[in-house]
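A.B. asks: Below is work_6.txt; it holds compact mmCIF, C-alpha atoms.
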# COMPACT_ATOMS: atom_id res chain seq x y z
CA MET A 1209 21.04 33.21 -5.21
CA THR A 1210 19.09 34.41 -8.22
CA THR A 1211 15.33 34.45 -8.41
CA LEU A 1212 15.38 31.74 -11.06
CA SER A 1213 17.51 29.39 -8.96
CA ARG A 1214 15.27 30.00 -5.91
CA LEU A 1215 12.21 29.18 -7.99
CA LEU A 1216 13.86 26.02 -9.29
CA CYS A 1217 14.78 24.91 -5.75
CA LEU A 1218 11.21 25.60 -4.58
CA ARG A 1219 9.74 23.54 -7.43
CA LEU A 1220 12.13 20.64 -6.80
CA GLY A 1221 11.24 20.70 -3.10
CA CYS A 1222 7.52 20.63 -3.93
CA LEU A 1223 8.04 17.71 -6.31
CA ALA A 1224 9.91 15.80 -3.61
CA LEU A 1225 7.07 16.36 -1.13
CA LEU A 1226 4.46 15.34 -3.68
CA SER A 1227 6.31 12.13 -4.45
CA LEU A 1228 5.98 11.14 -0.78
CA ALA A 1229 2.24 11.81 -0.65
CA LEU A 1230 1.19 10.19 -3.91
CA PRO A 1231 0.29 6.54 -4.33
CA ALA A 1232 2.71 4.27 -6.06
CA CYS A 1233 2.68 0.93 -7.79
CA SER A 1234 5.28 -1.75 -8.05
CA SER A 1235 5.77 -3.81 -11.18
CA ALA A 1236 4.70 -7.37 -12.03
CA VAL A 1237 6.37 -10.45 -10.55
CA GLN A 1238 6.00 -14.01 -11.84
CA GLY A 1239 6.32 -16.91 -9.40
CA SER A 1240 6.23 -20.69 -9.64
CA GLY A 1241 2.44 -20.88 -9.35
CA GLY A 1242 1.11 -17.39 -9.85
CA ARG A 1243 1.70 -13.78 -10.67
CA ILE A 1244 1.42 -10.50 -8.81
CA ALA A 1245 0.58 -7.97 -11.49
CA LYS A 1246 0.76 -4.90 -9.28
CA VAL A 1247 0.80 -3.73 -5.67
CA LYS A 1248 -0.83 -0.33 -5.39
CA TYR A 1249 -0.35 1.53 -2.14
CA PHE A 1250 -1.57 4.86 -0.84
CA HIS A 1251 -0.46 6.69 2.30
CA LEU A 1252 -3.16 8.99 3.65
CA MET A 1253 -1.31 11.32 6.03
CA GLU A 1254 -2.64 13.64 8.69
CA GLY A 1255 -1.89 17.30 8.03
CA GLN A 1256 -0.75 16.59 4.46
CA PRO A 1257 -3.32 17.78 1.93
CA ILE A 1258 -3.24 15.84 -1.31
CA MET A 1259 -1.83 18.26 -3.84
CA SER A 1260 -1.61 16.89 -7.34
CA LEU A 1261 -2.34 17.86 -10.89
CA ASP A 1262 -3.80 14.39 -11.40
CA PRO A 1263 -7.48 14.37 -10.37
CA ALA A 1264 -7.28 10.62 -9.71
CA MET A 1265 -4.86 11.20 -6.82
CA ILE A 1266 -7.15 13.77 -5.23
CA PHE A 1267 -10.14 11.46 -5.73
CA GLU A 1268 -8.35 8.54 -4.01
CA GLY A 1269 -7.85 10.58 -0.84
CA GLN A 1270 -11.43 11.85 -0.94
CA ARG A 1271 -12.72 8.29 -1.49
CA LEU A 1272 -10.85 7.02 1.57
CA LEU A 1273 -12.24 9.85 3.71
CA HIS A 1274 -15.81 9.50 2.39
CA GLY A 1275 -18.31 9.13 5.21
CA ALA A 1276 -15.96 10.28 7.97
CA VAL A 1277 -17.68 13.22 9.65
CA THR A 1278 -16.12 13.79 13.05
CA ALA A 1279 -12.46 14.56 13.70
CA GLU A 1280 -12.10 11.13 15.37
CA GLU A 1281 -13.55 9.31 12.32
CA ILE A 1282 -11.20 11.19 10.00
CA LYS A 1283 -8.22 10.39 12.26
CA GLU A 1284 -9.10 6.68 12.14
CA ARG A 1285 -8.83 6.72 8.32
CA PHE A 1286 -5.20 7.93 8.23
CA GLY A 1287 -2.68 5.25 7.35
CA HIS A 1288 -1.54 2.91 4.57
CA TYR A 1289 -3.81 1.24 2.01
CA TYR A 1290 -2.66 -1.66 -0.20
CA SER A 1291 -4.35 -3.27 -3.21
CA VAL A 1292 -2.69 -6.45 -4.46
CA PHE A 1293 -3.59 -7.50 -8.02
CA TRP A 1294 -2.75 -11.20 -8.44
CA LYS A 1295 -3.41 -14.38 -10.44
CA ALA A 1296 -3.02 -18.07 -9.60
CA ASP A 1297 -2.03 -20.49 -12.36
CA ASP A 1298 -4.22 -23.34 -11.05
CA ARG A 1299 -7.54 -21.85 -9.96
CA ASP A 1300 -9.14 -25.24 -9.16
CA ALA A 1301 -6.51 -26.53 -6.72
CA GLY A 1302 -8.18 -25.07 -3.63
CA PRO A 1303 -8.10 -21.86 -1.63
CA VAL A 1304 -5.12 -19.57 -1.36
CA THR A 1305 -3.99 -17.19 1.35
CA VAL A 1306 -2.83 -13.69 0.49
CA LYS A 1307 -0.48 -12.47 3.21
CA LEU A 1308 0.83 -8.96 3.90
CA GLU A 1309 3.83 -8.78 6.22
CA TYR A 1310 5.09 -5.35 7.24
CA LEU A 1311 7.34 -3.38 9.55
CA GLN A 1312 6.39 -0.07 11.15
CA ALA A 1313 8.57 2.87 12.15
CA ARG A 1314 7.96 2.64 15.91
CA SER A 1315 7.72 -1.14 16.30
CA GLY A 1316 11.38 -1.96 15.67
CA LEU A 1317 11.94 -5.23 13.82
CA LYS A 1318 8.63 -6.75 14.95
CA LYS A 1319 6.91 -8.08 11.82
CA ARG A 1320 3.16 -7.70 11.64
CA VAL A 1321 0.96 -9.86 9.46
CA GLN A 1322 -2.47 -9.57 7.86
CA GLU A 1323 -3.96 -12.50 5.93
CA GLN A 1324 -6.95 -13.10 3.69
CA VAL A 1325 -8.14 -16.54 2.63
CA VAL A 1326 -9.59 -16.56 -0.89
CA ASP A 1327 -11.85 -19.52 -1.75
CA ASP A 1328 -13.30 -18.21 -4.99
CA ILE A 1329 -10.21 -17.73 -7.15
CA ARG A 1330 -10.94 -15.87 -10.36
CA ARG A 1331 -8.86 -15.20 -13.43
CA SER A 1332 -7.82 -11.81 -11.95
CA ASN A 1333 -8.04 -11.11 -8.21
CA VAL A 1334 -7.64 -8.10 -5.94
CA SER A 1335 -6.93 -8.32 -2.21
CA LYS A 1336 -7.04 -5.15 -0.13
CA PHE A 1337 -5.25 -4.46 3.14
CA GLN A 1338 -5.00 -1.41 5.36
CA VAL A 1339 -2.86 -0.32 8.28
CA THR A 1340 -4.95 2.41 9.89
CA GLY A 1341 -6.49 3.50 13.16
CA GLU A 1342 -4.85 2.81 16.50
CA GLU A 1343 -2.21 0.50 14.97
CA TYR A 1344 -1.05 3.27 12.59
CA HIS A 1345 -1.08 6.01 15.24
CA LYS A 1346 0.68 3.86 17.85
CA SER A 1347 3.31 2.11 15.69
CA GLY A 1348 3.82 4.69 12.94
CA ARG A 1349 4.14 4.48 9.19
CA VAL A 1350 4.91 1.29 7.31
CA THR A 1351 8.60 1.23 6.42
CA ALA A 1352 8.79 -2.10 4.55
CA TRP A 1353 6.33 -4.73 3.30
CA ARG A 1354 6.10 -8.12 1.63
CA VAL A 1355 3.06 -9.69 -0.09
CA SER A 1356 2.78 -13.46 -0.66
CA VAL A 1357 0.21 -15.69 -2.29
CA LEU A 1358 0.27 -19.12 -0.61
CA ARG A 1359 -1.52 -22.42 -1.14
CA GLY A 1360 -1.10 -24.33 2.09
CA THR A 1361 2.59 -23.99 2.88
CA GLU A 1362 3.63 -23.56 -0.76
CA GLU A 1363 4.45 -20.01 -1.83
CA LEU A 1364 3.04 -19.38 -5.30
CA VAL A 1365 4.44 -15.87 -5.71
CA SER A 1366 5.68 -13.00 -3.57
CA GLN A 1367 6.72 -9.39 -3.96
CA GLN A 1368 8.37 -7.00 -1.54
CA SER A 1369 9.29 -3.38 -1.10
CA ALA A 1370 12.87 -2.26 -1.64
CA LEU A 1371 13.53 -1.97 2.11
CA TRP A 1372 12.32 -5.48 3.01
CA ASN A 1373 15.06 -7.80 4.33
Take the structure in the file and give it back as structure tokens.

C.D. replies:
Amino acid sequence: MTTLSRLLCLRLGCLALLSLALPACSSAVQGSGGRIAKVKYFHLMEGQPIMSLDPAMIFEGQRLLHGAVTAEEIKERFGHYYSVFWKADDRDAGPVTVKLEYLQARSGLKKRVQEQVVDDIRRSNVSKFQVTGEEYHKSGRVTAWRVSVLRGTEELVSQQSALWN
């Protein structure tokens, strides 16, 4: 193997590792009563320093670790962070519930759910979720997720990861 081909393989391997550590966004989805503009997620991993040419990526990891002093506090911050950017067509029709359903690597097919009730619906809204701490360390990384915006039992809009069933 030539030096050039070794260097190319090394760079491709580094790019593959970086793509796993960097945050990602999924594109907009329009539903019958709302819109999810973007789902931004970030996986803060133990033992994986954030290496990026983009200062925003480094800042995101530093922001999530801000204030954690002891090794235990830092360990509690590792996990998955989700920001859901959404809109509801009818803002005066009452509160909505933003629901995150997810599967984790060590929990089999057991779906976990986090919900937030939003009373004050604005033109543009952001709901934040996190899977960190004991839940992350015990059940592992999130392997698939689905976000829904509901009004009562009516689903206004939903978006899911590629691996969601």

A.B. asks: Kindly give the distance, in Å, that separates atom CA of A:Gly1275 and atom CA of A:Glu1323, rounded to a single decimal.

C.D. replies: 26.0 Å

A.B. asks: I'd like the neighbourhood of A:Ala1245 as JSON, numbers by chain, where a residue qualifies if any of its atoms comes within 8 Å (using all atoms listed in the file), though same-chain residues fewer than 3 positions away should be ignored.

C.D. replies: {"A": [1235, 1236, 1237, 1292, 1293, 1294, 1295]}

A.B. asks: Let me make sure I understand: among A:Asn1373, A:Asn1333, A:Ser1347, A:Ser1366, which one has the smallest atom-to-atom distance to A:Arg1299 if we use all atoms listed in the file?

C.D. replies: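 Distance minimum relative to A:Arg1299 lands on A:Asn1333.
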
A.B. asks: Can you tell me how far atom CA of A:Tyr1344 sits from atom CA of A:Phe1286, in Å to one decimal?

C.D. replies: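 The value is 7.6 Å.
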
A.B. asks: Counting all atoms listed in the file, what is within 12 Å of A:Lys1318, bar same-chain residues fewer than 2 positions away, as an MDAnalysis selection string?

C.D. replies: chainID A and resid 1309:1316 1320:1321 1347 1350:1352

A.B. asks: Tell me, in Å to one decimal, how far atom CA of A:Met1253 is from atom CA of A:Val1325.

C.D. replies: 28.9 Å
